[in-house]
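Notes follow the structure.
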Amino acid sequence: MVVPLIVPIAEGYGVNLVHLGIIFLTNLEIGYSTPPVGLNLFISSYRFGRSILELYRASLPFLILLLLALAIITYAPALSLFLPQMFGHGGTP
């Protein structure tokens, strides 16, 4: 619901829409992996028969990596747009 509102604003500032999509997907995965709503944690808890706290502790290092990756993706768009540009779908960063 938020994307249609943000896309015109991003286009106005010259943000590449492929880059914006990559940022959105990374943020969604971070949201799915963090409590209290962390859907991935609840599904994993049910599937593996472990407590959510145990899974959260186990997934914390990966969450930190995701946050670092998000910072790199956000502030170095050339890295995330390299492959789409190579195949002609990335536009200009």
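All residue names refer to the structure tokens as shown: chains lettered A, B, ... in order, residues numbered from 1 in each chain, ligands numbered from 1 in order.
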Report the closest atom pair, with its distance in Å rounded to one decimal, for each residue of range 4-36 of chain A that has an atom no farther than 9 Å from range 75-92 of chain A; count only C-alpha atoms, sort by chain and then rising residue number, and write it as JSON lines.
{"residue": "A:Asn16", "atom": "CA", "partner": "A:Thr92", "partner_atom": "CA", "distance": 7.0}
{"residue": "A:Leu17", "atom": "CA", "partner": "A:Gly90", "partner_atom": "CA", "distance": 8.3}
{"residue": "A:Val18", "atom": "CA", "partner": "A:Gly90", "partner_atom": "CA", "distance": 6.2}
{"residue": "A:His19", "atom": "CA", "partner": "A:Pro77", "partner_atom": "CA", "distance": 6.6}
{"residue": "A:Ile22", "atom": "CA", "partner": "A:Ser80", "partner_atom": "CA", "distance": 7.7}
Would you mind exporting N, CA and C atoms of the selected residues as a tab-separated table (two decimals), in the first residue's frame?
chain	number	residue	atom	x	y	z
A	16	ASN	N	16.36	5.50	-8.66
A	16	ASN	CA	16.14	4.39	-9.58
A	16	ASN	C	15.09	3.45	-8.96
A	17	LEU	N	14.07	3.09	-9.73
A	17	LEU	CA	12.97	2.29	-9.20
A	17	LEU	C	13.39	0.84	-8.91
A	18	VAL	N	14.34	0.31	-9.66
A	18	VAL	CA	14.87	-1.03	-9.35
A	18	VAL	C	15.59	-0.99	-8.01
A	19	HIS	N	16.36	0.06	-7.80
A	19	HIS	CA	17.06	0.22	-6.52
A	19	HIS	C	16.08	0.38	-5.37
A	22	ILE	N	14.67	-3.01	-4.48
A	22	ILE	CA	15.63	-3.82	-3.71
A	22	ILE	C	15.66	-3.36	-2.26
DSSP alpha helix (DSSP H) residues within chain A, as a PyMOL selection string: chain A and resi 3-12+17-32+39-48+52-75+77-86
Quick one: residues within 12 Å of range 48-55 of chain A, only C-alpha atoms, excluding same-chain residues fewer than 2 positions away - as a PDB file with N, CA and C atoms, in the first residue's frame?
ATOM      1  N   SER A  33      11.766 -10.797  10.141  1.00  0.00           N
ATOM      2  CA  SER A  33      12.687 -11.518  11.017  1.00  0.00           C
ATOM      3  C   SER A  33      12.807 -10.905  12.404  1.00  0.00           C
ATOM      4  N   THR A  34      12.027  -9.881  12.689  1.00  0.00           N
ATOM      5  CA  THR A  34      12.139  -9.225  13.995  1.00  0.00           C
ATOM      6  C   THR A  34      10.816  -9.303  14.756  1.00  0.00           C
ATOM      7  N   PRO A  35      10.897  -9.468  16.075  1.00  0.00           N
ATOM      8  CA  PRO A  35       9.680  -9.455  16.877  1.00  0.00           C
ATOM      9  C   PRO A  35       9.129  -8.047  16.966  1.00  0.00           C
ATOM     10  N   PRO A  36       7.908  -7.835  17.302  1.00  0.00           N
ATOM     11  CA  PRO A  36       6.910  -8.786  17.754  1.00  0.00           C
ATOM     12  C   PRO A  36       6.111  -9.406  16.611  1.00  0.00           C
ATOM     13  N   VAL A  37       6.224  -8.895  15.395  1.00  0.00           N
ATOM     14  CA  VAL A  37       5.394  -9.390  14.316  1.00  0.00           C
ATOM     15  C   VAL A  37       6.113 -10.428  13.462  1.00  0.00           C
ATOM     16  N   GLY A  38       7.401 -10.640  13.646  1.00  0.00           N
ATOM     17  CA  GLY A  38       8.252 -11.477  12.817  1.00  0.00           C
ATOM     18  C   GLY A  38       7.634 -12.770  12.322  1.00  0.00           C
ATOM     19  N   LEU A  39       6.957 -12.694  11.193  1.00  0.00           N
ATOM     20  CA  LEU A  39       6.253 -13.846  10.632  1.00  0.00           C
ATOM     21  C   LEU A  39       7.186 -15.029  10.414  1.00  0.00           C
ATOM     22  N   ASN A  40       8.398 -14.777   9.938  1.00  0.00           N
ATOM     23  CA  ASN A  40       9.348 -15.871   9.719  1.00  0.00           C
ATOM     24  C   ASN A  40       9.690 -16.593  11.018  1.00  0.00           C
ATOM     25  N   LEU A  41       9.747 -15.859  12.127  1.00  0.00           N
ATOM     26  CA  LEU A  41      10.039 -16.485  13.423  1.00  0.00           C
ATOM     27  C   LEU A  41       8.892 -17.394  13.858  1.00  0.00           C
ATOM     28  N   PHE A  42       7.659 -16.955  13.661  1.00  0.00           N
ATOM     29  CA  PHE A  42       6.512 -17.778  14.057  1.00  0.00           C
ATOM     30  C   PHE A  42       6.409 -19.034  13.208  1.00  0.00           C
ATOM     31  N   ILE A  43       6.633 -18.905  11.912  1.00  0.00           N
ATOM     32  CA  ILE A  43       6.578 -20.070  11.029  1.00  0.00           C
ATOM     33  C   ILE A  43       7.686 -21.053  11.379  1.00  0.00           C
ATOM     34  N   SER A  44       8.894 -20.542  11.631  1.00  0.00           N
ATOM     35  CA  SER A  44      10.016 -21.412  12.000  1.00  0.00           C
ATOM     36  C   SER A  44       9.780 -22.075  13.350  1.00  0.00           C
ATOM     37  N   SER A  45       9.204 -21.334  14.289  1.00  0.00           N
ATOM     38  CA  SER A  45       8.914 -21.885  15.608  1.00  0.00           C
ATOM     39  C   SER A  45       7.958 -23.061  15.498  1.00  0.00           C
ATOM     40  N   TYR A  46       6.926 -22.899  14.693  1.00  0.00           N
ATOM     41  CA  TYR A  46       5.955 -23.974  14.502  1.00  0.00           C
ATOM     42  C   TYR A  46       6.588 -25.165  13.791  1.00  0.00           C
ATOM     43  N   ARG A  57      17.307 -15.538  19.191  1.00  0.00           N
ATOM     44  CA  ARG A  57      18.732 -15.507  19.562  1.00  0.00           C
ATOM     45  C   ARG A  57      19.594 -16.096  18.454  1.00  0.00           C
ATOM     46  N   ALA A  58      19.122 -17.162  17.831  1.00  0.00           N
ATOM     47  CA  ALA A  58      19.883 -17.811  16.763  1.00  0.00           C
ATOM     48  C   ALA A  58      19.919 -16.952  15.498  1.00  0.00           C
ATOM     49  N   SER A  59      18.868 -16.184  15.260  1.00  0.00           N
ATOM     50  CA  SER A  59      18.817 -15.389  14.036  1.00  0.00           C
ATOM     51  C   SER A  59      19.382 -13.981  14.195  1.00  0.00           C
ATOM     52  N   LEU A  60      19.741 -13.582  15.397  1.00  0.00           N
ATOM     53  CA  LEU A  60      20.253 -12.235  15.644  1.00  0.00           C
ATOM     54  C   LEU A  60      21.490 -11.895  14.812  1.00  0.00           C
ATOM     55  N   PRO A  61      22.492 -12.780  14.691  1.00  0.00           N
ATOM     56  CA  PRO A  61      23.645 -12.428  13.838  1.00  0.00           C
ATOM     57  C   PRO A  61      23.246 -12.198  12.376  1.00  0.00           C
ATOM     58  N   PHE A  62      22.282 -12.956  11.879  1.00  0.00           N
ATOM     59  CA  PHE A  62      21.830 -12.781  10.505  1.00  0.00           C
ATOM     60  C   PHE A  62      21.043 -11.483  10.339  1.00  0.00           C
ATOM     61  N   LEU A  63      20.329 -11.091  11.381  1.00  0.00           N
ATOM     62  CA  LEU A  63      19.615  -9.825  11.355  1.00  0.00           C
ATOM     63  C   LEU A  63      20.598  -8.659  11.287  1.00  0.00           C
TER      64      LEU A  63
END
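The gap separating CA of Tyr32 in chain A from CA of Glu11 in chain A is 27.0 Å, in Å to one decimal.
Among the candidates A:Val15, A:Glu29, A:Ile23, A:Tyr56, the residue lying nearest to Ile73 in chain A is A:Ile23 (atoms considered: only C-alpha atoms).
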Straight-line distance linking CA of Asn27 in chain A with CA of Arg47 in chain A, stated in Å to one decimal: 23.9 Å
Spatial neighbours of Val3 in chain A, max dist 12 Å, only C-alpha atoms, sep filter under 4 positions, as a VMD selection string: chain A and resid 7 to 11 17 20 to 21 23 to 25
Okay, now the selection with N, CA and C atoms, as an mmCIF file, in the first residue's frame?
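What ended up in result_30.cif:
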data_model
loop_
_atom_site.group_PDB
_atom_site.id
_atom_site.type_symbol
_atom_site.label_atom_id
_atom_site.label_comp_id
_atom_site.auth_asym_id
_atom_site.auth_seq_id
_atom_site.Cartn_x
_atom_site.Cartn_y
_atom_site.Cartn_z
ATOM 1 N N VAL A 7 6.550 5.828 -4.865
ATOM 2 C CA VAL A 7 7.165 5.803 -6.201
ATOM 3 C C VAL A 7 7.183 7.184 -6.871
ATOM 4 N N PRO A 8 6.082 7.934 -6.889
ATOM 5 C CA PRO A 8 6.164 9.261 -7.528
ATOM 6 C C PRO A 8 7.156 10.204 -6.819
ATOM 7 N N ILE A 9 7.239 10.097 -5.522
ATOM 8 C CA ILE A 9 8.178 10.931 -4.777
ATOM 9 C C ILE A 9 9.609 10.533 -5.119
ATOM 10 N N ALA A 10 9.863 9.218 -5.169
ATOM 11 C CA ALA A 10 11.206 8.732 -5.517
ATOM 12 C C ALA A 10 11.581 9.137 -6.936
ATOM 13 N N GLU A 11 10.639 9.028 -7.866
ATOM 14 C CA GLU A 11 10.917 9.453 -9.236
ATOM 15 C C GLU A 11 11.231 10.942 -9.296
ATOM 16 N N LEU A 17 14.068 3.095 -9.735
ATOM 17 C CA LEU A 17 12.974 2.290 -9.198
ATOM 18 C C LEU A 17 13.393 0.845 -8.910
ATOM 19 N N LEU A 20 15.024 1.148 -5.601
ATOM 20 C CA LEU A 20 13.991 1.318 -4.576
ATOM 21 C C LEU A 20 13.326 -0.014 -4.246
ATOM 22 N N GLY A 21 13.070 -0.835 -5.260
ATOM 23 C CA GLY A 21 12.476 -2.154 -5.028
ATOM 24 C C GLY A 21 13.381 -3.055 -4.213
ATOM 25 N N ILE A 23 15.608 -2.073 -2.042
ATOM 26 C CA ILE A 23 15.576 -1.541 -0.665
ATOM 27 C C ILE A 23 14.293 -1.986 0.045
ATOM 28 N N PHE A 24 13.164 -1.920 -0.641
ATOM 29 C CA PHE A 24 11.890 -2.347 -0.049
ATOM 30 C C PHE A 24 11.931 -3.821 0.336
ATOM 31 N N LEU A 25 12.434 -4.671 -0.552
ATOM 32 C CA LEU A 25 12.483 -6.104 -0.253
ATOM 33 C C LEU A 25 13.405 -6.406 0.922
#
